[in-house]
Amino acid sequence: MQAANANTAPTDTTDYVTVFVGETMFGLTIDRVHDVFVPAGITPVPLAPKEIVGLLNLRGRVVTALCLRRRLSLANREAGAAQMAIGLEQAGETFALIVDGVGEVLKLGAETHEPVPINLDARWRDLSLGVHRLDGRLLVILDVDALLAFGDAGRDAKVA
């Protein structure tokens with residue numbers, strides 16, 4: 001009986017790349033992540049939504065740089081603080097998700113997954129797919145599609 005459970009468990013797992021904004025840990029499904037790099041040479045874009053920090057060159061491609069802190073309505077990072085970028089693709093366009101740090105890849109099963117908590121900050125609720133409780137830490141799983149839908153006029157109207 002236990003052997004059967006052990007054989008079925010690996011098929012019910014998902015790999016997540018963990019990223020940090022401050023002390024908060026977020027997860028991105030690994031199939032959506034294309035690159036992990038240190039962002040450099042970001043050129044600001046006038047009149048862009050607040051989440052867009054600018055454009056950068058990633059191996060000859062122009063990439064839109066999106067700040068996860070701003071997308072989650074958090075305070076800006078301190079000047080000179082370390083940052084990393086996660087390369088994501090959406091509808092043929094490449095984005096660089098700017099984060100404070102990148103952790104490890106975690107393989108997690110359904111036993112630690114929970115739906116989005118009702119008490120999760122309302123600004124994060126629509127950007128989350130759920131959470132995983134891990135040894136006293138909470139891993140918030142981000143919905144990449146919702147995260148990259150930053151031009152949504154309805155959401156911008158709510159913030160204003």
# chains A, B, ... in the order shown; residues from 1 in each chain; ligands from 1
>>> residues_around(residues="Gly54 in chain A", least_positions_apart="5", cutoff="10 Å", atoms="only C-alpha atoms", output="mmCIF file with all heavy atoms, in the first residue's frame")
data_model
loop_
_atom_site.group_PDB
_atom_site.id
_atom_site.type_symbol
_atom_site.label_atom_id
_atom_site.label_comp_id
_atom_site.auth_asym_id
_atom_site.auth_seq_id
_atom_site.Cartn_x
_atom_site.Cartn_y
_atom_site.Cartn_z
ATOM 1 N N GLY A 41 21.733 47.971 -17.395
ATOM 2 C CA GLY A 41 21.432 48.893 -18.488
ATOM 3 C C GLY A 41 19.953 49.075 -18.756
ATOM 4 O O GLY A 41 19.536 49.062 -19.912
ATOM 5 N N ILE A 42 19.156 49.241 -17.715
ATOM 6 C CA ILE A 42 17.717 49.432 -17.900
ATOM 7 C C ILE A 42 17.452 50.873 -18.333
ATOM 8 O O ILE A 42 17.865 51.818 -17.665
ATOM 9 C CB ILE A 42 16.931 49.098 -16.619
ATOM 10 C CG1 ILE A 42 17.147 47.627 -16.241
ATOM 11 C CG2 ILE A 42 15.449 49.397 -16.798
ATOM 12 C CD1 ILE A 42 16.513 47.221 -14.924
ATOM 13 N N THR A 43 16.771 51.038 -19.468
ATOM 14 C CA THR A 43 16.424 52.347 -19.998
ATOM 15 C C THR A 43 14.977 52.650 -19.650
ATOM 16 O O THR A 43 14.077 51.908 -20.045
ATOM 17 C CB THR A 43 16.594 52.366 -21.535
ATOM 18 O OG1 THR A 43 17.927 51.986 -21.850
ATOM 19 C CG2 THR A 43 16.287 53.743 -22.107
ATOM 20 N N PRO A 44 14.725 53.735 -18.900
ATOM 21 C CA PRO A 44 13.343 54.077 -18.530
ATOM 22 C C PRO A 44 12.467 54.354 -19.754
ATOM 23 O O PRO A 44 12.956 54.802 -20.791
ATOM 24 C CB PRO A 44 13.506 55.355 -17.694
ATOM 25 C CG PRO A 44 14.934 55.395 -17.294
ATOM 26 C CD PRO A 44 15.700 54.671 -18.359
ATOM 27 N N VAL A 45 11.162 54.095 -19.619
ATOM 28 C CA VAL A 45 10.197 54.338 -20.678
ATOM 29 C C VAL A 45 9.217 55.400 -20.187
ATOM 30 O O VAL A 45 8.466 55.146 -19.234
ATOM 31 C CB VAL A 45 9.424 53.043 -21.049
ATOM 32 C CG1 VAL A 45 8.378 53.328 -22.107
ATOM 33 C CG2 VAL A 45 10.382 51.967 -21.506
ATOM 34 N N PRO A 46 9.219 56.589 -20.812
ATOM 35 C CA PRO A 46 8.295 57.637 -20.375
ATOM 36 C C PRO A 46 6.836 57.204 -20.525
ATOM 37 O O PRO A 46 6.476 56.490 -21.466
ATOM 38 C CB PRO A 46 8.598 58.801 -21.331
ATOM 39 C CG PRO A 46 9.923 58.491 -21.934
ATOM 40 C CD PRO A 46 10.054 56.999 -21.920
ATOM 41 N N ALA A 48 5.088 55.023 -19.137
ATOM 42 C CA ALA A 48 4.773 53.595 -18.988
ATOM 43 C C ALA A 48 4.028 53.390 -17.670
ATOM 44 O O ALA A 48 4.130 54.203 -16.751
ATOM 45 C CB ALA A 48 6.057 52.776 -18.989
ATOM 46 N N PRO A 49 3.264 52.292 -17.548
ATOM 47 C CA PRO A 49 2.635 51.976 -16.260
ATOM 48 C C PRO A 49 3.697 51.891 -15.161
ATOM 49 O O PRO A 49 4.869 51.598 -15.440
ATOM 50 C CB PRO A 49 1.998 50.601 -16.498
ATOM 51 C CG PRO A 49 1.840 50.503 -17.978
ATOM 52 C CD PRO A 49 2.965 51.295 -18.568
ATOM 53 N N VAL A 63 13.844 43.735 -24.076
ATOM 54 C CA VAL A 63 12.994 43.084 -23.088
ATOM 55 C C VAL A 63 12.362 44.147 -22.191
ATOM 56 O O VAL A 63 13.044 45.077 -21.749
ATOM 57 C CB VAL A 63 13.845 42.103 -22.240
ATOM 58 C CG1 VAL A 63 13.048 41.500 -21.113
ATOM 59 C CG2 VAL A 63 14.428 41.013 -23.119
ATOM 60 N N THR A 64 11.079 43.997 -21.911
ATOM 61 C CA THR A 64 10.375 44.888 -20.996
ATOM 62 C C THR A 64 10.675 44.444 -19.572
ATOM 63 O O THR A 64 10.447 43.291 -19.219
ATOM 64 C CB THR A 64 8.853 44.830 -21.242
ATOM 65 O OG1 THR A 64 8.599 45.174 -22.608
ATOM 66 C CG2 THR A 64 8.112 45.788 -20.326
ATOM 67 N N ALA A 65 11.189 45.369 -18.747
ATOM 68 C CA ALA A 65 11.528 45.065 -17.348
ATOM 69 C C ALA A 65 10.371 45.493 -16.451
ATOM 70 O O ALA A 65 9.964 46.650 -16.452
ATOM 71 C CB ALA A 65 12.811 45.769 -16.951
ATOM 72 N N LEU A 66 9.857 44.528 -15.696
ATOM 73 C CA LEU A 66 8.703 44.713 -14.819
ATOM 74 C C LEU A 66 9.142 44.490 -13.381
ATOM 75 O O LEU A 66 9.726 43.459 -13.070
ATOM 76 C CB LEU A 66 7.632 43.690 -15.221
ATOM 77 C CG LEU A 66 6.395 43.542 -14.388
ATOM 78 C CD1 LEU A 66 5.464 44.713 -14.657
ATOM 79 C CD2 LEU A 66 5.690 42.247 -14.740
ATOM 80 N N CYS A 67 8.866 45.444 -12.495
ATOM 81 C CA CYS A 67 9.279 45.345 -11.098
ATOM 82 C C CYS A 67 8.203 44.615 -10.285
ATOM 83 O O CYS A 67 7.066 45.090 -10.199
ATOM 84 C CB CYS A 67 9.510 46.738 -10.526
ATOM 85 S SG CYS A 67 9.965 46.731 -8.787
ATOM 86 N N ALA A 96 11.318 40.803 -18.304
ATOM 87 C CA ALA A 96 12.271 40.559 -17.225
ATOM 88 C C ALA A 96 11.563 40.961 -15.940
ATOM 89 O O ALA A 96 11.230 42.129 -15.750
ATOM 90 C CB ALA A 96 13.531 41.383 -17.422
#
>>> residues_around(residues="range 144-147 of chain A", least_positions_apart="6", cutoff="12 Å", atoms="only C-alpha atoms", output="PyMOL selection string")
chain A and resi 26-33+51-52+66-72+86-91+95-97+123-129+155
>>> write_last_selection(atoms="N, CA and C atoms", output="short mmCIF file (atom, residue, chain, number, x, y, z; two decimals), in the first residue's frame")
data_model
loop_
_atom_site.label_atom_id
_atom_site.label_comp_id
_atom_site.auth_asym_id
_atom_site.auth_seq_id
_atom_site.Cartn_x
_atom_site.Cartn_y
_atom_site.Cartn_z
N PHE A 26 8.12 33.87 -3.11
CA PHE A 26 7.12 33.62 -4.14
C PHE A 26 7.60 32.48 -5.02
N GLY A 27 6.67 31.81 -5.68
CA GLY A 27 7.02 30.73 -6.58
C GLY A 27 6.48 30.98 -7.97
N LEU A 28 7.28 30.65 -8.96
CA LEU A 28 6.89 30.72 -10.37
C LEU A 28 7.05 29.32 -10.94
N THR A 29 6.04 28.80 -11.63
CA THR A 29 6.19 27.46 -12.20
C THR A 29 7.37 27.47 -13.16
N ILE A 30 8.19 26.45 -13.06
CA ILE A 30 9.45 26.42 -13.79
C ILE A 30 9.24 26.43 -15.31
N ASP A 31 8.12 25.93 -15.78
CA ASP A 31 7.89 25.92 -17.22
C ASP A 31 7.68 27.31 -17.80
N ARG A 32 7.44 28.32 -16.97
CA ARG A 32 7.27 29.70 -17.44
C ARG A 32 8.57 30.49 -17.38
N VAL A 33 9.59 29.96 -16.70
CA VAL A 33 10.86 30.67 -16.52
C VAL A 33 11.84 30.27 -17.62
N GLU A 51 4.51 49.78 -13.05
CA GLU A 51 5.20 48.49 -12.90
C GLU A 51 6.39 48.35 -13.84
N ILE A 52 6.35 49.08 -14.95
CA ILE A 52 7.42 48.98 -15.96
C ILE A 52 8.57 49.87 -15.53
N LEU A 66 9.86 44.53 -15.70
CA LEU A 66 8.70 44.71 -14.82
C LEU A 66 9.14 44.49 -13.38
N CYS A 67 8.87 45.44 -12.49
CA CYS A 67 9.28 45.35 -11.10
C CYS A 67 8.20 44.61 -10.29
N LEU A 68 8.56 43.47 -9.70
CA LEU A 68 7.60 42.72 -8.90
C LEU A 68 7.17 43.51 -7.67
N ARG A 69 8.08 44.27 -7.07
CA ARG A 69 7.72 45.10 -5.92
C ARG A 69 6.58 46.05 -6.28
N ARG A 70 6.73 46.75 -7.39
CA ARG A 70 5.70 47.70 -7.81
C ARG A 70 4.41 46.99 -8.20
N ARG A 71 4.55 45.83 -8.84
CA ARG A 71 3.36 45.08 -9.26
C ARG A 71 2.55 44.63 -8.06
N LEU A 72 3.23 44.36 -6.94
CA LEU A 72 2.57 43.92 -5.72
C LEU A 72 2.26 45.10 -4.78
N ILE A 86 14.11 37.54 -13.68
CA ILE A 86 13.61 36.26 -14.19
C ILE A 86 13.04 36.53 -15.57
N GLY A 87 13.52 35.83 -16.57
CA GLY A 87 13.01 35.98 -17.93
C GLY A 87 11.75 35.16 -18.12
N LEU A 88 10.67 35.84 -18.51
CA LEU A 88 9.37 35.20 -18.75
C LEU A 88 8.90 35.54 -20.15
N GLU A 89 8.11 34.67 -20.76
CA GLU A 89 7.53 34.97 -22.06
C GLU A 89 6.02 34.91 -21.97
N GLN A 90 5.39 35.85 -22.68
CA GLN A 90 3.93 35.92 -22.71
C GLN A 90 3.53 36.40 -24.10
N ALA A 91 2.77 35.62 -24.82
CA ALA A 91 2.25 35.99 -26.13
C ALA A 91 3.37 36.46 -27.07
N PHE A 95 9.69 39.30 -21.11
CA PHE A 95 9.68 40.21 -19.96
C PHE A 95 10.78 39.81 -19.01
N ALA A 96 11.32 40.80 -18.30
CA ALA A 96 12.27 40.56 -17.23
C ALA A 96 11.56 40.96 -15.94
N LEU A 97 11.29 40.00 -15.08
CA LEU A 97 10.65 40.26 -13.80
C LEU A 97 11.75 40.57 -12.79
N ARG A 123 -4.37 43.08 -2.85
CA ARG A 123 -3.56 43.44 -4.02
C ARG A 123 -2.84 42.22 -4.58
N TRP A 124 -2.66 41.18 -3.75
CA TRP A 124 -1.96 39.97 -4.18
C TRP A 124 -2.91 38.86 -4.60
N ARG A 125 -4.13 38.88 -4.11
CA ARG A 125 -5.07 37.78 -4.30
C ARG A 125 -5.28 37.44 -5.78
N ASP A 126 -5.48 38.47 -6.61
CA ASP A 126 -5.74 38.22 -8.03
C ASP A 126 -4.50 37.80 -8.81
N LEU A 127 -3.33 37.91 -8.18
CA LEU A 127 -2.08 37.54 -8.84
C LEU A 127 -1.56 36.18 -8.36
N SER A 128 -2.32 35.52 -7.49
CA SER A 128 -1.87 34.27 -6.88
C SER A 128 -2.72 33.08 -7.31
N LEU A 129 -2.08 31.92 -7.36
CA LEU A 129 -2.77 30.66 -7.67
C LEU A 129 -2.98 29.81 -6.43
N ARG A 155 -8.02 47.19 -13.27
CA ARG A 155 -7.18 47.12 -12.07
C ARG A 155 -6.58 48.47 -11.77
#
>>> select_by_dssp(residues="range 28-87 of chain A", states="helix (DSSP H, G or I)", output="number ranges by chain")
A: 30-32, 68-71
>>> select_by_dssp(residues="chain A", states="strand (DSSP E or B)", output="short mmCIF file (atom, residue, chain, number, x, y, z; two decimals) with N, CA and C atoms, in the first residue's frame")
data_model
loop_
_atom_site.label_atom_id
_atom_site.label_comp_id
_atom_site.auth_asym_id
_atom_site.auth_seq_id
_atom_site.Cartn_x
_atom_site.Cartn_y
_atom_site.Cartn_z
N THR A 13 3.56 16.32 -8.54
CA THR A 13 4.41 17.41 -8.08
C THR A 13 4.57 18.47 -9.17
N THR A 14 4.92 19.67 -8.73
CA THR A 14 5.19 20.78 -9.64
C THR A 14 6.50 21.41 -9.19
N ASP A 15 7.32 21.80 -10.16
CA ASP A 15 8.58 22.48 -9.87
C ASP A 15 8.36 23.99 -9.90
N TYR A 16 8.87 24.67 -8.87
CA TYR A 16 8.76 26.12 -8.77
C TYR A 16 10.13 26.74 -8.60
N VAL A 17 10.37 27.84 -9.30
CA VAL A 17 11.54 28.67 -9.06
C VAL A 17 11.12 29.65 -7.99
N THR A 18 11.87 29.72 -6.89
CA THR A 18 11.52 30.62 -5.81
C THR A 18 12.25 31.95 -5.99
N VAL A 19 11.51 33.03 -5.75
CA VAL A 19 12.06 34.38 -5.81
C VAL A 19 11.66 35.11 -4.54
N PHE A 20 12.43 36.13 -4.21
CA PHE A 20 12.18 36.87 -2.98
C PHE A 20 11.96 38.34 -3.28
N VAL A 21 11.03 38.91 -2.54
CA VAL A 21 10.84 40.35 -2.47
C VAL A 21 10.85 40.64 -0.97
N THR A 24 9.59 37.96 1.78
CA THR A 24 8.50 37.15 1.25
C THR A 24 8.98 36.29 0.10
N MET A 25 8.61 35.00 0.15
CA MET A 25 9.01 34.05 -0.88
C MET A 25 7.84 33.77 -1.82
N PHE A 26 8.12 33.87 -3.11
CA PHE A 26 7.12 33.62 -4.14
C PHE A 26 7.60 32.48 -5.02
N GLY A 27 6.67 31.81 -5.68
CA GLY A 27 7.02 30.73 -6.58
C GLY A 27 6.48 30.98 -7.97
N LEU A 28 7.28 30.65 -8.96
CA LEU A 28 6.89 30.72 -10.37
C LEU A 28 7.05 29.32 -10.94
N THR A 29 6.04 28.80 -11.63
CA THR A 29 6.19 27.46 -12.20
C THR A 29 7.37 27.47 -13.16
N VAL A 33 9.59 29.96 -16.70
CA VAL A 33 10.86 30.67 -16.52
C VAL A 33 11.84 30.27 -17.62
N HIS A 34 12.38 31.29 -18.31
CA HIS A 34 13.32 31.02 -19.40
C HIS A 34 14.75 31.39 -19.06
N ASP A 35 14.93 32.40 -18.22
CA ASP A 35 16.27 32.89 -17.88
C ASP A 35 16.28 33.38 -16.44
N VAL A 36 17.46 33.36 -15.84
CA VAL A 36 17.71 34.02 -14.57
C VAL A 36 19.00 34.80 -14.80
N PHE A 37 18.95 36.12 -14.55
CA PHE A 37 20.12 36.95 -14.84
C PHE A 37 20.13 38.20 -13.97
N THR A 43 16.77 51.04 -19.47
CA THR A 43 16.42 52.35 -20.00
C THR A 43 14.98 52.65 -19.65
N ILE A 52 6.35 49.08 -14.95
CA ILE A 52 7.42 48.98 -15.96
C ILE A 52 8.57 49.87 -15.53
N VAL A 53 9.74 49.27 -15.29
CA VAL A 53 10.91 50.06 -14.90
C VAL A 53 11.73 50.45 -16.12
N GLY A 54 11.47 49.83 -17.26
CA GLY A 54 12.17 50.20 -18.48
C GLY A 54 12.38 49.03 -19.42
N LEU A 55 13.33 49.24 -20.33
CA LEU A 55 13.69 48.23 -21.31
C LEU A 55 15.14 47.86 -21.11
N LEU A 56 15.49 46.61 -21.41
CA LEU A 56 16.88 46.19 -21.34
C LEU A 56 17.19 45.25 -22.49
N ASN A 57 18.47 45.04 -22.71
CA ASN A 57 18.94 44.18 -23.77
C ASN A 57 19.31 42.83 -23.17
N LEU A 58 18.65 41.78 -23.64
CA LEU A 58 18.96 40.42 -23.18
C LEU A 58 19.37 39.60 -24.40
N ARG A 61 17.96 40.91 -27.62
CA ARG A 61 16.51 41.15 -27.65
C ARG A 61 16.16 42.29 -26.72
N VAL A 62 15.22 43.14 -27.14
CA VAL A 62 14.72 44.20 -26.28
C VAL A 62 13.66 43.59 -25.39
N VAL A 63 13.84 43.73 -24.08
CA VAL A 63 12.99 43.08 -23.09
C VAL A 63 12.36 44.15 -22.19
N THR A 64 11.08 44.00 -21.91
CA THR A 64 10.38 44.89 -21.00
C THR A 64 10.67 44.44 -19.57
N ALA A 65 11.19 45.37 -18.75
CA ALA A 65 11.53 45.06 -17.35
C ALA A 65 10.37 45.49 -16.45
N LEU A 66 9.86 44.53 -15.70
CA LEU A 66 8.70 44.71 -14.82
C LEU A 66 9.14 44.49 -13.38
N CYS A 67 8.87 45.44 -12.49
CA CYS A 67 9.28 45.35 -11.10
C CYS A 67 8.20 44.61 -10.29
N MET A 84 17.79 40.81 -9.02
CA MET A 84 17.93 39.76 -10.02
C MET A 84 16.74 39.88 -10.96
N ALA A 85 16.80 39.18 -12.08
CA ALA A 85 15.70 39.19 -13.02
C ALA A 85 15.38 37.77 -13.46
N ILE A 86 14.11 37.54 -13.68
CA ILE A 86 13.61 36.26 -14.19
C ILE A 86 13.04 36.53 -15.57
N GLY A 87 13.52 35.83 -16.57
CA GLY A 87 13.01 35.98 -17.93
C GLY A 87 11.75 35.16 -18.12
N LEU A 88 10.67 35.84 -18.51
CA LEU A 88 9.37 35.20 -18.75
C LEU A 88 8.90 35.54 -20.15
N GLU A 89 8.11 34.67 -20.76
CA GLU A 89 7.53 34.97 -22.06
C GLU A 89 6.02 34.91 -21.97
N GLN A 90 5.39 35.85 -22.68
CA GLN A 90 3.93 35.92 -22.71
C GLN A 90 3.53 36.40 -24.10
N GLU A 93 6.16 37.89 -26.41
CA GLU A 93 6.97 39.00 -25.90
C GLU A 93 7.75 38.52 -24.67
N THR A 94 8.98 39.00 -24.55
CA THR A 94 9.82 38.63 -23.42
C THR A 94 9.78 39.72 -22.36
N PHE A 95 9.69 39.30 -21.11
CA PHE A 95 9.68 40.21 -19.96
C PHE A 95 10.78 39.81 -19.01
N ALA A 96 11.32 40.80 -18.30
CA ALA A 96 12.27 40.56 -17.23
C ALA A 96 11.56 40.96 -15.94
N LEU A 97 11.29 40.00 -15.08
CA LEU A 97 10.65 40.26 -13.80
C LEU A 97 11.75 40.57 -12.79
N ILE A 98 11.81 41.82 -12.32
CA ILE A 98 12.85 42.26 -11.41
C ILE A 98 12.45 41.91 -9.98
N VAL A 99 13.31 41.15 -9.29
CA VAL A 99 13.05 40.69 -7.93
C VAL A 99 14.28 41.00 -7.07
N GLY A 101 15.80 38.75 -5.08
CA GLY A 101 16.70 37.59 -5.09
C GLY A 101 16.00 36.37 -5.65
N VAL A 102 16.82 35.41 -6.04
CA VAL A 102 16.31 34.14 -6.58
C VAL A 102 16.79 33.04 -5.65
N GLY A 103 15.89 32.14 -5.29
CA GLY A 103 16.22 31.03 -4.41
C GLY A 103 16.50 29.78 -5.21
N GLU A 104 15.94 28.70 -4.73
CA GLU A 104 16.17 27.40 -5.36
C GLU A 104 14.94 26.93 -6.10
N VAL A 105 15.07 25.83 -6.78
CA VAL A 105 13.93 25.18 -7.42
C VAL A 105 13.38 24.16 -6.43
N LEU A 106 12.09 24.27 -6.16
CA LEU A 106 11.43 23.34 -5.23
C LEU A 106 10.45 22.46 -5.99
N LYS A 107 10.45 21.18 -5.70
CA LYS A 107 9.49 20.23 -6.24
C LYS A 107 8.47 19.98 -5.14
N LEU A 108 7.24 20.47 -5.35
CA LEU A 108 6.23 20.41 -4.30
C LEU A 108 5.00 19.64 -4.77
N GLY A 109 4.40 18.93 -3.82
CA GLY A 109 3.22 18.14 -4.11
C GLY A 109 1.95 18.78 -3.58
N HIS A 113 -0.08 22.16 -0.76
CA HIS A 113 -0.78 23.22 -1.49
C HIS A 113 -2.11 23.56 -0.83
N GLU A 114 -2.40 24.84 -0.77
CA GLU A 114 -3.68 25.33 -0.27
C GLU A 114 -4.18 26.41 -1.21
N SER A 128 -2.32 35.52 -7.49
CA SER A 128 -1.87 34.27 -6.88
C SER A 128 -2.72 33.08 -7.31
N LEU A 129 -2.08 31.92 -7.36
CA LEU A 129 -2.77 30.66 -7.67
C LEU A 129 -2.98 29.81 -6.43
N GLY A 130 -2.37 30.21 -5.32
CA GLY A 130 -2.45 29.45 -4.09
C GLY A 130 -1.17 29.61 -3.31
N VAL A 131 -1.04 28.82 -2.26
CA VAL A 131 0.15 28.88 -1.41
C VAL A 131 0.59 27.46 -1.06
N HIS A 132 1.83 27.35 -0.65
CA HIS A 132 2.36 26.11 -0.09
C HIS A 132 2.92 26.47 1.28
N ARG A 133 2.56 25.71 2.30
CA ARG A 133 3.12 25.90 3.64
C ARG A 133 4.35 25.01 3.77
N LEU A 134 5.49 25.64 4.03
CA LEU A 134 6.77 24.93 4.06
C LEU A 134 7.53 25.24 5.34
N ARG A 137 7.29 28.62 6.71
CA ARG A 137 7.30 29.67 5.68
C ARG A 137 6.14 29.45 4.75
N LEU A 138 5.72 30.54 4.15
CA LEU A 138 4.64 30.48 3.18
C LEU A 138 5.21 30.81 1.81
N LEU A 139 4.96 29.95 0.83
CA LEU A 139 5.37 30.18 -0.55
C LEU A 139 4.12 30.58 -1.31
N VAL A 140 4.06 31.83 -1.77
CA VAL A 140 2.92 32.32 -2.54
C VAL A 140 3.19 32.04 -4.01
N ILE A 141 2.31 31.25 -4.65
CA ILE A 141 2.48 30.89 -6.05
C ILE A 141 1.87 31.99 -6.91
N LEU A 142 2.69 32.58 -7.78
CA LEU A 142 2.23 33.67 -8.63
C LEU A 142 1.65 33.15 -9.94
#
>>> atom_distance(atom1="CA of Val38 in chain A", atom2="CA of Ala82 in chain A")
9.0 Å
>>> closest_residue(among="A:Asp100, A:Gly136, A:Ala149, A:Leu47", to="Ala79 in chain A", atoms="only C-alpha atoms")
A:Asp100
>>> atom_distance(atom1="CA of Glu78 in chain A", atom2="CA of Glu23 in chain A")
14.1 Å
>>> atom_distance(atom1="CA of Leu74 in chain A", atom2="CA of Gly22 in chain A")
9.6 Å
